[in-house]
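Raw my_file03.csv, CSV, C-alpha atoms:
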```csv
chain,number,residue,atom,x,y,z
X,1,THR,CA,0.0,0.0,0.0
X,2,GLU,CA,1.1,3.6,-0.6
X,3,SER,CA,2.3,5.4,2.5
X,4,PRO,CA,-0.1,8.3,3.4
X,5,LEU,CA,2.7,10.8,2.6
X,6,VAL,CA,2.7,13.5,0.0
X,7,TYR,CA,5.9,14.9,-1.5
X,8,PHE,CA,6.3,18.2,-3.5
X,9,TYR,CA,9.6,18.9,-5.2
X,10,ILE,CA,10.5,22.1,-7.0
X,11,GLU,CA,13.8,22.3,-8.9
X,12,MET,CA,15.0,25.6,-10.2
X,13,GLU,CA,17.8,25.4,-12.8
X,14,GLY,CA,20.8,27.6,-12.0
X,15,GLY,CA,22.4,27.1,-8.6
X,16,HIS,CA,26.1,27.6,-8.7
X,17,LEU,CA,26.0,28.1,-12.5
X,18,LEU,CA,24.3,31.5,-11.9
X,19,GLU,CA,27.5,32.6,-10.1
X,20,ALA,CA,29.2,32.8,-13.5
X,21,ASN,CA,27.7,36.3,-13.5
X,22,LYS,CA,30.7,38.1,-12.0
X,23,LYS,CA,28.5,40.2,-9.8
X,24,VAL,CA,27.5,37.1,-7.8
X,25,SER,CA,30.1,35.8,-5.3
X,26,THR,CA,30.6,32.0,-5.3
X,27,GLY,CA,28.5,30.5,-2.4
X,28,THR,CA,25.6,33.0,-2.8
X,29,ALA,CA,23.3,30.4,-4.2
X,30,MET,CA,24.0,28.1,-1.2
X,31,VAL,CA,23.7,30.8,1.4
X,32,THR,CA,20.4,31.9,-0.1
X,33,ALA,CA,18.9,28.4,0.0
X,34,SER,CA,20.2,27.9,3.6
X,35,LEU,CA,18.4,31.1,4.6
X,36,MET,CA,15.1,30.4,2.7
X,37,GLY,CA,13.8,27.9,5.3
X,38,GLU,CA,14.5,30.2,8.2
X,39,GLY,CA,11.0,31.6,8.9
X,40,THR,CA,8.7,34.1,7.1
X,41,SER,CA,7.8,37.7,7.7
X,42,LYS,CA,5.0,36.4,10.1
X,43,LEU,CA,7.0,33.6,11.8
X,44,THR,CA,10.5,33.5,13.3
X,45,THR,CA,12.8,30.5,12.6
X,46,GLU,CA,11.7,28.9,15.9
X,47,GLN,CA,8.0,29.5,15.3
X,48,PHE,CA,8.2,28.2,11.7
X,49,SER,CA,10.1,25.1,12.8
X,50,ARG,CA,7.6,24.5,15.6
X,51,GLU,CA,4.6,24.7,13.2
X,52,LEU,CA,6.3,22.1,10.9
X,53,ASP,CA,7.0,19.8,13.9
X,54,LYS,CA,3.4,19.9,15.0
X,55,LEU,CA,2.3,18.8,11.5
X,56,GLY,CA,5.1,16.2,11.1
X,57,SER,CA,6.1,18.0,7.9
X,58,SER,CA,9.3,19.3,6.5
X,59,ILE,CA,10.3,22.0,4.1
X,60,ARG,CA,13.9,21.9,2.9
X,61,PHE,CA,15.6,24.4,0.6
X,62,ASN,CA,18.9,23.3,-1.0
X,63,SER,CA,21.4,24.4,-3.7
X,64,GLY,CA,24.1,22.6,-5.6
X,65,THR,CA,26.1,22.8,-8.8
X,66,SER,CA,23.4,23.3,-11.4
X,67,SER,CA,20.1,23.9,-9.5
X,68,SER,CA,18.4,25.1,-6.3
X,69,SER,CA,15.5,23.1,-5.0
X,70,VAL,CA,12.8,22.8,-2.3
X,71,PHE,CA,11.5,19.6,-1.0
X,72,VAL,CA,8.2,19.5,0.9
X,73,SER,CA,7.0,16.3,2.6
X,74,CYS,CA,3.8,16.0,4.8
X,75,LEU,CA,1.1,13.6,5.8
X,76,ALA,CA,-1.9,13.5,3.4
X,77,GLU,CA,-4.2,15.1,6.0
X,78,ASN,CA,-1.8,18.0,6.6
X,79,VAL,CA,-1.2,19.1,3.0
X,80,ASP,CA,-3.2,22.4,3.3
X,81,ALA,CA,-1.5,23.5,6.5
X,82,THR,CA,2.0,22.6,5.1
X,83,LEU,CA,1.5,24.3,1.8
X,84,ALA,CA,0.3,27.4,3.6
X,85,LEU,CA,3.7,27.5,5.4
X,86,PHE,CA,5.5,26.7,2.1
X,87,LYS,CA,3.7,29.5,0.3
X,88,ASP,CA,4.9,32.0,3.0
X,89,ALA,CA,8.4,30.6,2.9
X,90,LEU,CA,8.6,30.9,-0.9
X,91,TYR,CA,6.9,34.3,-1.3
X,92,ASP,CA,7.8,36.1,1.9
X,93,PRO,CA,11.1,34.8,3.4
X,94,ARG,CA,12.1,36.4,6.7
X,95,PHE,CA,15.8,37.1,5.8
X,96,ASP,CA,16.6,38.1,9.4
X,97,PRO,CA,20.1,39.6,9.9
X,98,GLU,CA,20.7,37.4,12.9
X,99,ASP,CA,19.8,34.3,11.1
X,100,PHE,CA,22.0,35.4,8.2
X,101,LYS,CA,25.0,35.8,10.6
X,102,ARG,CA,24.4,32.4,12.1
X,103,ILE,CA,24.0,30.6,8.8
X,104,LYS,CA,27.2,32.2,7.3
X,105,LYS,CA,29.1,31.3,10.5
X,106,GLN,CA,27.9,27.7,10.1
X,107,ILE,CA,29.0,27.6,6.5
X,108,LEU,CA,32.4,29.0,7.3
X,109,GLU,CA,32.9,26.4,10.1
X,110,GLY,CA,31.9,23.8,7.6
X,111,LEU,CA,34.5,25.0,5.2
X,112,ARG,CA,37.1,24.8,7.9
X,113,SER,CA,36.3,21.1,8.5
X,114,GLN,CA,36.2,20.4,4.8
X,115,LYS,CA,39.7,21.7,4.4
X,116,SER,CA,41.1,18.5,5.8
X,117,ASN,CA,38.4,16.1,4.3
X,118,PRO,CA,40.3,14.1,1.6
X,119,SER,CA,37.2,13.5,-0.6
X,120,ILE,CA,36.4,17.2,-0.7
X,121,MET,CA,40.0,18.0,-1.3
X,122,ALA,CA,39.9,15.6,-4.2
X,123,SER,CA,36.6,17.1,-5.5
X,124,LYS,CA,38.1,20.6,-5.4
X,125,ALA,CA,41.2,19.4,-7.3
X,126,TRP,CA,39.0,17.6,-9.9
X,127,GLY,CA,37.0,20.8,-10.4
X,128,LYS,CA,40.1,22.9,-10.9
X,129,ILE,CA,41.5,20.6,-13.6
X,130,MET,CA,38.4,19.1,-15.3
X,131,TYR,CA,36.3,22.3,-15.4
X,132,GLU,CA,39.1,24.7,-15.9
X,133,GLY,CA,37.9,28.0,-17.5
X,134,THR,CA,34.3,27.5,-16.4
X,135,ILE,CA,32.4,28.5,-13.2
X,136,LEU,CA,32.6,24.8,-12.1
X,137,GLU,CA,36.3,25.1,-11.3
X,138,ASP,CA,35.2,27.0,-8.2
X,139,TYR,CA,33.7,24.7,-5.5
X,140,TYR,CA,30.0,25.6,-5.2
X,141,TYR,CA,30.3,26.0,-1.5
X,142,GLY,CA,32.5,29.0,-2.0
X,143,ASN,CA,35.7,29.8,-0.1
X,144,TYR,CA,36.7,32.2,2.8
X,145,LYS,CA,37.3,35.0,0.4
X,146,SER,CA,34.1,34.7,-1.6
X,147,LEU,CA,31.9,34.0,1.4
X,148,SER,CA,33.2,37.0,3.3
X,149,LYS,CA,32.0,39.3,0.5
X,150,ILE,CA,28.4,38.1,0.7
X,151,ASP,CA,26.0,40.3,2.7
X,152,LEU,CA,22.3,40.0,3.3
X,153,ASP,CA,21.5,42.3,0.3
X,154,ASP,CA,23.3,39.9,-2.0
X,155,VAL,CA,21.1,37.1,-0.7
X,156,LYS,CA,17.9,39.2,-1.2
X,157,SER,CA,18.9,40.1,-4.7
X,158,PHE,CA,19.8,36.5,-5.6
X,159,TYR,CA,16.4,35.4,-4.4
X,160,LYS,CA,14.6,38.2,-6.2
X,161,ASN,CA,16.5,37.7,-9.5
X,162,TYR,CA,16.9,33.9,-9.7
X,163,TYR,CA,14.0,32.2,-7.9
X,164,SER,CA,11.6,32.1,-10.8
X,165,PRO,CA,9.0,29.8,-12.3
X,166,ASN,CA,10.5,30.1,-15.8
X,167,VAL,CA,13.4,27.8,-14.7
X,168,SER,CA,11.4,25.6,-12.3
X,169,THR,CA,9.7,22.2,-12.5
X,170,LEU,CA,7.3,20.9,-9.9
X,171,VAL,CA,6.9,17.2,-9.2
X,172,ILE,CA,4.3,15.7,-6.9
X,173,SER,CA,4.1,12.2,-5.6
X,174,GLY,CA,2.2,10.2,-2.9
X,175,ASP,CA,-1.3,9.9,-1.5
X,176,ILE,CA,-3.0,12.6,-3.5
X,177,THR,CA,-5.1,12.7,-6.8
X,178,LYS,CA,-4.0,14.9,-9.7
X,179,GLU,CA,-7.1,17.1,-9.4
X,180,ASP,CA,-6.6,17.6,-5.7
X,181,ALA,CA,-2.9,18.4,-6.2
X,182,MET,CA,-3.6,20.9,-8.9
X,183,SER,CA,-6.1,22.8,-6.8
X,184,LYS,CA,-3.8,22.8,-3.7
X,185,ILE,CA,-0.8,24.3,-5.7
X,186,ALA,CA,-2.9,26.9,-7.5
X,187,PHE,CA,-1.1,29.6,-5.5
X,188,LEU,CA,2.0,29.0,-7.6
X,189,LYS,CA,0.3,30.8,-10.5
X,190,ASP,CA,1.1,34.1,-8.6
X,191,TRP,CA,4.9,33.4,-8.5
X,192,LYS,CA,6.6,36.3,-10.3
X,193,ASN,CA,8.5,35.4,-13.4
X,194,THR,CA,11.9,37.1,-13.7
X,195,ASN,CA,12.9,35.4,-17.0
X,196,VAL,CA,16.1,33.8,-15.7
X,197,THR,CA,18.7,32.7,-18.2
X,198,VAL,CA,21.2,30.1,-17.0
X,199,PRO,CA,24.7,30.6,-18.4
X,200,ALA,CA,25.9,27.8,-20.7
X,201,ILE,CA,29.0,25.8,-19.8
X,202,PRO,CA,31.7,25.9,-22.4
X,203,GLU,CA,32.7,22.5,-23.9
X,204,LEU,CA,35.1,20.7,-21.5
X,205,LYS,CA,38.6,20.2,-22.8
X,206,MET,CA,39.8,16.7,-23.3
X,207,PRO,CA,43.3,16.3,-21.7
X,208,GLU,CA,46.1,15.8,-24.3
X,209,LYS,CA,47.5,12.9,-22.3
X,210,THR,CA,47.1,11.1,-19.0
X,211,THR,CA,48.5,13.1,-16.1
X,212,VAL,CA,48.8,12.3,-12.4
X,213,TYR,CA,48.1,15.2,-9.9
X,214,LEU,CA,49.1,14.9,-6.3
X,215,VAL,CA,47.6,16.8,-3.4
X,216,ASP,CA,49.5,16.3,-0.1
X,217,LYS,CA,47.6,15.2,3.0
X,218,PRO,CA,50.4,14.5,5.5
X,219,TYR,CA,50.1,11.2,7.4
X,220,ALA,CA,46.9,10.0,5.6
X,221,ALA,CA,46.6,6.3,6.0
X,222,GLN,CA,44.7,6.0,2.7
X,223,SER,CA,44.9,7.8,-0.6
X,224,THR,CA,41.7,9.2,-2.1
X,225,VAL,CA,41.9,8.6,-5.9
X,226,LEU,CA,39.7,10.2,-8.6
X,227,ALA,CA,40.4,9.4,-12.2
X,228,GLY,CA,38.5,10.2,-15.4
X,229,HIS,CA,37.9,12.4,-18.4
X,230,PRO,CA,35.2,14.6,-20.1
X,231,ALA,CA,32.4,12.5,-21.6
X,232,LEU,CA,29.0,12.8,-23.2
X,233,LYS,CA,26.0,14.9,-22.0
X,234,TYR,CA,22.9,13.1,-20.7
X,235,ASP,CA,20.6,11.4,-23.1
X,236,TYR,CA,18.1,8.6,-22.3
X,237,ASN,CA,18.4,6.5,-25.5
X,238,GLY,CA,21.6,7.5,-27.3
X,239,ASP,CA,25.4,7.0,-26.8
X,240,TYR,CA,25.3,8.3,-23.2
X,241,PHE,CA,22.7,5.8,-22.1
X,242,LYS,CA,24.5,3.0,-24.0
X,243,SER,CA,27.8,4.0,-22.3
X,244,THR,CA,26.3,3.6,-18.9
X,245,VAL,CA,25.2,0.1,-19.9
X,246,MET,CA,28.6,-0.7,-21.3
X,247,ASN,CA,30.3,0.5,-18.1
X,248,PHE,CA,28.1,-1.7,-15.8
X,249,SER,CA,30.5,-4.7,-15.9
X,250,LEU,CA,33.6,-2.5,-16.0
X,251,GLY,CA,33.0,-0.2,-13.1
X,252,GLY,CA,29.2,0.0,-12.3
X,253,ALA,CA,28.4,-3.2,-10.3
X,254,PHE,CA,29.8,-4.7,-7.2
X,255,ASN,CA,31.2,-7.6,-9.2
X,256,SER,CA,32.5,-5.3,-12.0
X,257,ARG,CA,36.1,-5.9,-13.3
X,258,ILE,CA,37.4,-2.9,-11.4
X,259,ASN,CA,35.9,-3.8,-8.0
X,260,LEU,CA,36.8,-7.5,-8.3
X,261,ASN,CA,40.4,-6.6,-9.2
X,262,LEU,CA,41.0,-3.8,-6.7
X,263,ARG,CA,38.9,-5.1,-3.8
X,264,GLU,CA,38.3,-8.8,-4.0
X,265,ASP,CA,41.5,-9.9,-5.7
X,266,LYS,CA,44.2,-7.4,-4.5
X,267,GLY,CA,42.6,-6.1,-1.2
X,268,PHE,CA,43.7,-2.5,-2.1
X,269,THR,CA,40.4,-1.0,-1.1
X,270,TYR,CA,36.9,-1.6,0.5
X,271,GLY,CA,35.2,-0.6,-2.8
X,272,ALA,CA,35.9,1.0,-6.2
X,273,ARG,CA,33.4,2.4,-8.6
X,274,ALA,CA,33.5,4.1,-12.0
X,275,GLY,CA,30.8,5.5,-14.1
X,276,PHE,CA,29.4,8.1,-16.6
X,277,SER,CA,27.5,11.0,-15.2
X,278,GLY,CA,26.0,13.6,-17.4
X,279,ASN,CA,23.5,16.4,-17.4
X,280,LYS,CA,22.2,19.0,-19.9
X,281,SER,CA,25.5,21.0,-19.8
X,282,TYR,CA,28.4,18.5,-19.6
X,283,GLY,CA,29.3,14.9,-18.8
X,284,VAL,CA,32.3,13.0,-17.3
X,285,TYR,CA,33.5,9.5,-16.8
X,286,ARG,CA,34.9,9.2,-13.2
X,287,PHE,CA,36.5,6.5,-11.0
X,288,SER,CA,36.6,7.0,-7.2
X,289,SER,CA,38.1,5.0,-4.4
X,290,GLU,CA,39.9,5.1,-1.1
X,291,ILE,CA,43.1,3.1,-1.5
X,292,LYS,CA,45.6,1.8,1.1
X,293,LYS,CA,48.5,4.2,1.1
X,294,GLU,CA,51.1,1.6,0.3
X,295,SER,CA,49.1,0.3,-2.7
X,296,THR,CA,48.3,3.7,-4.3
X,297,ASP,CA,50.5,3.3,-7.4
X,298,SER,CA,49.7,-0.5,-7.8
X,299,ALA,CA,45.9,0.3,-7.6
X,300,ILE,CA,46.2,3.0,-10.3
X,301,GLN,CA,48.2,0.6,-12.5
X,302,GLU,CA,45.5,-2.1,-12.1
X,303,LEU,CA,42.7,0.5,-12.8
X,304,MET,CA,44.4,1.6,-16.0
X,305,LYS,CA,44.9,-2.0,-17.0
X,306,GLU,CA,41.2,-2.7,-16.6
X,307,ILE,CA,40.1,0.4,-18.5
X,308,ASN,CA,42.6,-0.3,-21.3
X,309,GLY,CA,41.6,-3.9,-21.5
X,310,PHE,CA,37.9,-3.1,-21.7
X,311,ALA,CA,38.5,-0.3,-24.3
X,312,ASN,CA,40.6,-2.6,-26.5
X,313,GLU,CA,39.3,-6.1,-26.0
X,314,GLY,CA,35.7,-5.4,-24.9
X,315,ILE,CA,33.0,-7.3,-23.0
X,316,THR,CA,32.4,-11.1,-22.7
X,317,GLU,CA,29.1,-12.8,-23.6
X,318,GLU,CA,28.7,-13.7,-19.9
X,319,GLU,CA,29.3,-10.1,-18.7
X,320,LEU,CA,26.7,-8.8,-21.2
X,321,ALA,CA,24.1,-11.4,-20.1
X,322,PHE,CA,24.7,-10.4,-16.5
X,323,THR,CA,24.4,-6.7,-17.4
X,324,LYS,CA,21.1,-7.2,-19.1
X,325,SER,CA,19.5,-9.3,-16.3
X,326,SER,CA,20.8,-6.9,-13.6
X,327,ILE,CA,19.7,-3.7,-15.3
X,328,THR,CA,16.3,-5.1,-16.1
X,329,LEU,CA,15.8,-6.4,-12.5
X,330,SER,CA,16.9,-3.1,-10.9
X,331,GLU,CA,14.7,-1.1,-13.3
X,332,ALA,CA,11.7,-3.1,-12.1
X,333,MET,CA,12.4,-2.4,-8.5
X,334,ASN,CA,13.2,1.3,-9.0
X,335,TYR,CA,9.8,2.9,-8.7
X,336,GLU,CA,8.1,1.1,-5.8
X,337,THR,CA,8.0,3.9,-3.2
X,338,PRO,CA,6.5,7.4,-3.6
X,339,PHE,CA,10.0,8.8,-3.1
X,340,GLN,CA,11.4,6.7,-5.9
X,341,LYS,CA,8.5,7.8,-8.1
X,342,LEU,CA,9.4,11.4,-7.3
X,343,ASN,CA,12.9,10.8,-8.6
X,344,PHE,CA,11.5,9.1,-11.7
X,345,LEU,CA,9.1,12.0,-12.4
X,346,SER,CA,11.9,14.6,-11.7
X,347,SER,CA,14.0,13.0,-14.5
X,348,ILE,CA,11.0,13.1,-16.9
X,349,ALA,CA,10.4,16.8,-16.1
X,350,GLU,CA,14.0,17.9,-16.2
X,351,TYR,CA,14.9,16.2,-19.5
X,352,ASP,CA,11.5,16.3,-21.1
X,353,LEU,CA,11.5,12.5,-21.5
X,354,PRO,CA,8.6,10.5,-22.9
X,355,LYS,CA,6.6,8.7,-20.1
X,356,THR,CA,7.6,5.4,-21.7
X,357,TYR,CA,11.3,6.1,-21.6
X,358,THR,CA,12.2,3.2,-19.2
X,359,SER,CA,10.5,0.6,-21.5
X,360,GLU,CA,12.4,2.2,-24.4
X,361,GLN,CA,15.6,1.8,-22.4
X,362,ALA,CA,14.8,-1.8,-21.6
X,363,GLN,CA,14.4,-2.5,-25.3
X,364,ILE,CA,17.8,-0.9,-26.1
X,365,VAL,CA,19.5,-2.9,-23.4
X,366,ASN,CA,18.0,-6.2,-24.6
X,367,GLN,CA,19.0,-5.5,-28.2
X,368,LEU,CA,22.7,-4.6,-27.5
X,369,SER,CA,25.2,-7.1,-28.9
X,370,VAL,CA,28.8,-7.7,-27.8
X,371,SER,CA,30.0,-5.9,-30.9
X,372,ASP,CA,27.7,-2.9,-30.1
X,373,VAL,CA,29.1,-2.7,-26.6
X,374,ASN,CA,32.7,-3.0,-27.7
X,375,ALA,CA,32.3,-0.2,-30.3
X,376,ILE,CA,30.9,2.0,-27.5
X,377,ALA,CA,33.8,1.1,-25.2
X,378,LYS,CA,36.4,1.9,-27.9
X,379,SER,CA,34.9,5.3,-28.6
X,380,GLN,CA,33.9,6.4,-25.1
X,381,LEU,CA,36.7,5.2,-22.8
X,382,LYS,CA,39.8,7.4,-23.1
X,383,PRO,CA,42.6,5.7,-21.1
X,384,ASN,CA,45.2,8.0,-22.8
X,385,ASN,CA,43.4,11.2,-21.8
X,386,MET,CA,42.8,10.7,-18.1
X,387,VAL,CA,43.1,13.1,-15.2
X,388,ILE,CA,44.3,11.1,-12.2
X,389,ILE,CA,44.0,12.8,-8.8
X,390,VAL,CA,45.6,11.5,-5.7
X,391,VAL,CA,45.0,13.0,-2.2
X,392,GLY,CA,47.4,11.3,0.2
X,393,HIS,CA,50.7,11.4,2.1
X,394,ALA,CA,52.9,12.8,-0.7
X,395,TYR,CA,56.2,11.8,1.0
X,396,LYS,CA,55.1,8.1,0.9
X,397,VAL,CA,53.3,7.9,-2.4
X,398,ARG,CA,55.3,10.3,-4.7
X,399,ASP,CA,58.0,7.9,-5.9
X,400,GLY,CA,55.6,5.1,-6.8
X,401,LEU,CA,53.4,7.6,-8.8
X,402,ASN,CA,56.4,9.0,-10.6
X,403,LYS,CA,57.2,5.4,-11.8
X,404,LEU,CA,53.8,4.8,-13.3
X,405,GLY,CA,54.9,6.0,-16.7
X,406,TYR,CA,52.7,9.1,-17.1
X,407,GLY,CA,55.5,11.6,-17.0
X,408,LYS,CA,56.3,13.8,-14.0
X,409,ILE,CA,53.4,14.1,-11.6
X,410,VAL,CA,52.0,17.5,-11.0
X,411,GLU,CA,51.8,18.5,-7.3
X,412,MET,CA,49.0,21.0,-6.5
X,413,GLU,CA,47.3,22.6,-3.5
X,414,VAL,CA,43.6,23.2,-3.0
X,415,ASP,CA,42.1,26.0,-0.7
```
Let me see the structure of the file written as structure tokens.
Amino acid sequence: TESPLVYFYIEMEGGHLLEANKKVSTGTAMVTASLMGEGTSKLTTEQFSRELDKLGSSIRFNSGTSSSSVFVSCLAENVDATLALFKDALYDPRFDPEDFKRIKKQILEGLRSQKSNPSIMASKAWGKIMYEGTILEDYYYGNYKSLSKIDLDDVKSFYKNYYSPNVSTLVISGDITKEDAMSKIAFLKDWKNTNVTVPAIPELKMPEKTTVYLVDKPYAAQSTVLAGHPALKYDYNGDYFKSTVMNFSLGGAFNSRINLNLREDKGFTYGARAGFSGNKSYGVYRFSSEIKKESTDSAIQELMKEINGFANEGITEEELAFTKSSITLSEAMNYETPFQKLNFLSSIAEYDLPKTYTSEQAQIVNQLSVSDVNAIAKSQLKPNNMVIIVVGHAYKVRDGLNKLGYGKIVEMEVD
């Protein structure tokens, strides 16, 4: 049976991408979203929070690389009262100076703890190299310098200029009929359109050759490794989708070649994954893992051996059969809960997909032959154009990395 919950999800295109406009400091999108759920002109933060608690509801604003969003969840019998609070939060946010100071302080403290977090250090290094020359080379969270420039007026102006229905999609899921839902959200017709245009991302540059970059984290017991290259933008039925299917037995499943080699066979790591991720603006192929310090160079050697082998020799009949049965099985289980349905509908709304897109995908998967998959592997895997980032104890891993045969490693810092 369906749970008696109702979910409303609004996604506004933009997020960090809007900070490409030089008048907007990096981090403004996130500070704005953090402040949006902090009360209304009628209710303080505490009062707003108390009202939601009474109803067992939640309203969460968020912002990331390419969008800002708001997620509303409530019991079916509390839809009206919850949406009344949401309406005030969206149209009439409090933007209290004390709340602003507190939120900004929390974000700065978060930045301080992130400074020593190896996976965030690796993400920042990845951004600097992979997205060089675009707004994405700056971490969406901002940094001390950019955050210190943001004042409450910047937040108000970001909200006024960029929270707009013309870049928004709304998805509703749960225990509610379509007719009922449409009447409950009729208030959104009054949302003022500011005709936002989201800046385009320039084409990502393919590296000329494979290079290893090293970020020092003294005395780290493990090395955080990211490796990959620019790849295709999202599509649901073209080469991007087929690439994700191709990669399943290379790096996408627990018993993929990469994980079996690095984890099960060699014991270098507790888990290793690689995959394609793409959106409307750009796409990448990316491997990630935490590797035992003393095995860093060996793990990279094995990773590259697997990617090269797959690109050149391709998939086996058994692997393709396993891929087909696994993907079809997981697709069938993917839309069972209202929350999963919400994600499914969000994809349809964001990419303007046909409602039957999953059955189209199932058909594509079933029709793929070994030679189809091998042709995709050859064209979409780029072992000679990889960015390999290692965050680890430089003194211990430097020599091994220099001997991998990818030329002199590049040592870099992240802020």
*Taking all atoms listed in the file into account, which of X:Asn312, X:Ser369, X:Gln340, X:Thr32 comes nearest Phe100 of chain X?*
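Closest to Phe100 of chain X of all the choices is X:Thr32.
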*Which residues come within 12 Å of Leu18 of chain X, counting only C-alpha atoms, excluding same-chain residues fewer than 5 positions away, as a PyMOL selection string?*
chain X and resi 12-13+23-30+63-68+134-136+140+158-159+161-163+167+196-201
*What does the distance between atom CA of Tyr213 of chain X and atom CA of Val387 of chain X come to in Å, to one decimal place?*
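Atom-to-atom, atom CA of Tyr213 of chain X to atom CA of Val387 of chain X, that is 7.6 Å.
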*Measuring atom to atom with all atoms listed in the file, identify which of X:Lys149, X:Ala375, X:Leu345, X:Gly228 is nearest to Gly127 of chain X.*
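Of X:Lys149, X:Ala375, X:Leu345, X:Gly228, the one nearest Gly127 of chain X is X:Gly228, counting all atoms listed in the file.
Restricting the calculation to all atoms listed in the file, the smallest distance between Phe187 of chain X and any of X:Ile300, X:Ala84, X:Ala227, X:Leu204 is found for X:Ala84.
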*Please determine the residues with any atom at most 12 Å from (29.2, -8.5, -18.4) (coordinates as given in the file, with all atoms listed in the file counting) and report them as a PyMOL selection string.*
chain X and resi 245-257+310+314-327+368-370+373-374
_Considering all atoms listed in the file, can you say which of X:Ser346, X:Thr169, X:Ser289, X:Asn143 comes closest to Gly110 of chain X?_
X:Asn143
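In terms of minimum interatomic distance to Tyr139 of chain X, X:Met121 ranks closest within X:Met121, X:Leu381, X:Ala221, X:Ala89, counting only C-alpha atoms.
Across the model, the gap from atom CA of Asp239 of chain X to atom CA of Leu262 of chain X is 27.6 Å.
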*May I have the residues within 12 Å of Gly283 of chain X as a list in words, using all atoms listed in the file and disregarding those fewer than 5 positions away in the same chain?*
Met130, Tyr131, Ile201, Pro202, Glu203, Leu204, Lys205, Met206, Gly228, His229, Pro230, Ala231, Leu232, Lys233, Tyr234, Asp235, Asp239, Tyr240, Phe241, Ser243, Thr244, Gly275, Phe276, Ser277, Gly278 and Gln380 of chain X
When you look at Ile176 of chain X with a cut-off of 12 Å (counting all atoms listed in the file), what residues show up, excluding the ones that are within fewer than 2 positions of it in the same chain? I need them as a CSV table (one decimal) with C-alpha atoms, keeping the file's coordinate frame.
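Result written to selection-v1.csv:
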```
chain,number,residue,atom,x,y,z
X,2,GLU,CA,1.1,3.6,-0.6
X,3,SER,CA,2.3,5.4,2.5
X,4,PRO,CA,-0.1,8.3,3.4
X,5,LEU,CA,2.7,10.8,2.6
X,6,VAL,CA,2.7,13.5,0.0
X,7,TYR,CA,5.9,14.9,-1.5
X,8,PHE,CA,6.3,18.2,-3.5
X,74,CYS,CA,3.8,16.0,4.8
X,75,LEU,CA,1.1,13.6,5.8
X,76,ALA,CA,-1.9,13.5,3.4
X,77,GLU,CA,-4.2,15.1,6.0
X,78,ASN,CA,-1.8,18.0,6.6
X,79,VAL,CA,-1.2,19.1,3.0
X,80,ASP,CA,-3.2,22.4,3.3
X,172,ILE,CA,4.3,15.7,-6.9
X,173,SER,CA,4.1,12.2,-5.6
X,174,GLY,CA,2.2,10.2,-2.9
X,178,LYS,CA,-4.0,14.9,-9.7
X,179,GLU,CA,-7.1,17.1,-9.4
X,180,ASP,CA,-6.6,17.6,-5.7
X,181,ALA,CA,-2.9,18.4,-6.2
X,182,MET,CA,-3.6,20.9,-8.9
X,183,SER,CA,-6.1,22.8,-6.8
X,184,LYS,CA,-3.8,22.8,-3.7
X,338,PRO,CA,6.5,7.4,-3.6
```
*Do you have the atom CA of Pro97 of chain X-atom CA of Ser148 of chain X distance handy?*
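Pair atom CA of Pro97 of chain X / atom CA of Ser148 of chain X returns 14.9 Å.
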_Nearest-residue call for Asn166 of chain X, choices X:Gly309, X:Gly14, X:Gly133, X:Gly400, using only C-alpha atoms_ =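 Between X:Gly309, X:Gly14, X:Gly133, X:Gly400, the residue approaching Asn166 of chain X most closely is X:Gly14.
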Place N, CA and C atoms on segment 361-369 of chain X and deliver the coordinates as a short mmCIF file (atom, residue, chain, number, x, y, z; two decimals), in the frame of the given file.
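Listing of result19.cif after writing:
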```cif
data_model
loop_
_atom_site.label_atom_id
_atom_site.label_comp_id
_atom_site.auth_asym_id
_atom_site.auth_seq_id
_atom_site.Cartn_x
_atom_site.Cartn_y
_atom_site.Cartn_z
N GLN X 361 14.27 2.15 -22.86
CA GLN X 361 15.60 1.80 -22.40
C GLN X 361 15.79 0.30 -22.28
N ALA X 362 14.77 -0.36 -21.73
CA ALA X 362 14.80 -1.80 -21.60
C ALA X 362 15.01 -2.51 -22.91
N GLN X 363 14.30 -1.99 -23.90
CA GLN X 363 14.40 -2.50 -25.30
C GLN X 363 15.82 -2.35 -25.82
N ILE X 364 16.39 -1.15 -25.60
CA ILE X 364 17.80 -0.90 -26.10
C ILE X 364 18.75 -1.83 -25.43
N VAL X 365 18.61 -2.00 -24.09
CA VAL X 365 19.50 -2.90 -23.40
C VAL X 365 19.43 -4.30 -23.93
N ASN X 366 18.20 -4.79 -24.12
CA ASN X 366 18.00 -6.20 -24.60
C ASN X 366 18.57 -6.39 -26.01
N GLN X 367 18.58 -5.32 -26.81
CA GLN X 367 19.00 -5.50 -28.20
C GLN X 367 20.54 -5.28 -28.37
N LEU X 368 21.23 -4.82 -27.34
CA LEU X 368 22.70 -4.60 -27.50
C LEU X 368 23.44 -5.89 -27.65
N SER X 369 24.32 -5.92 -28.63
CA SER X 369 25.20 -7.10 -28.90
C SER X 369 26.55 -6.85 -28.31
#
```
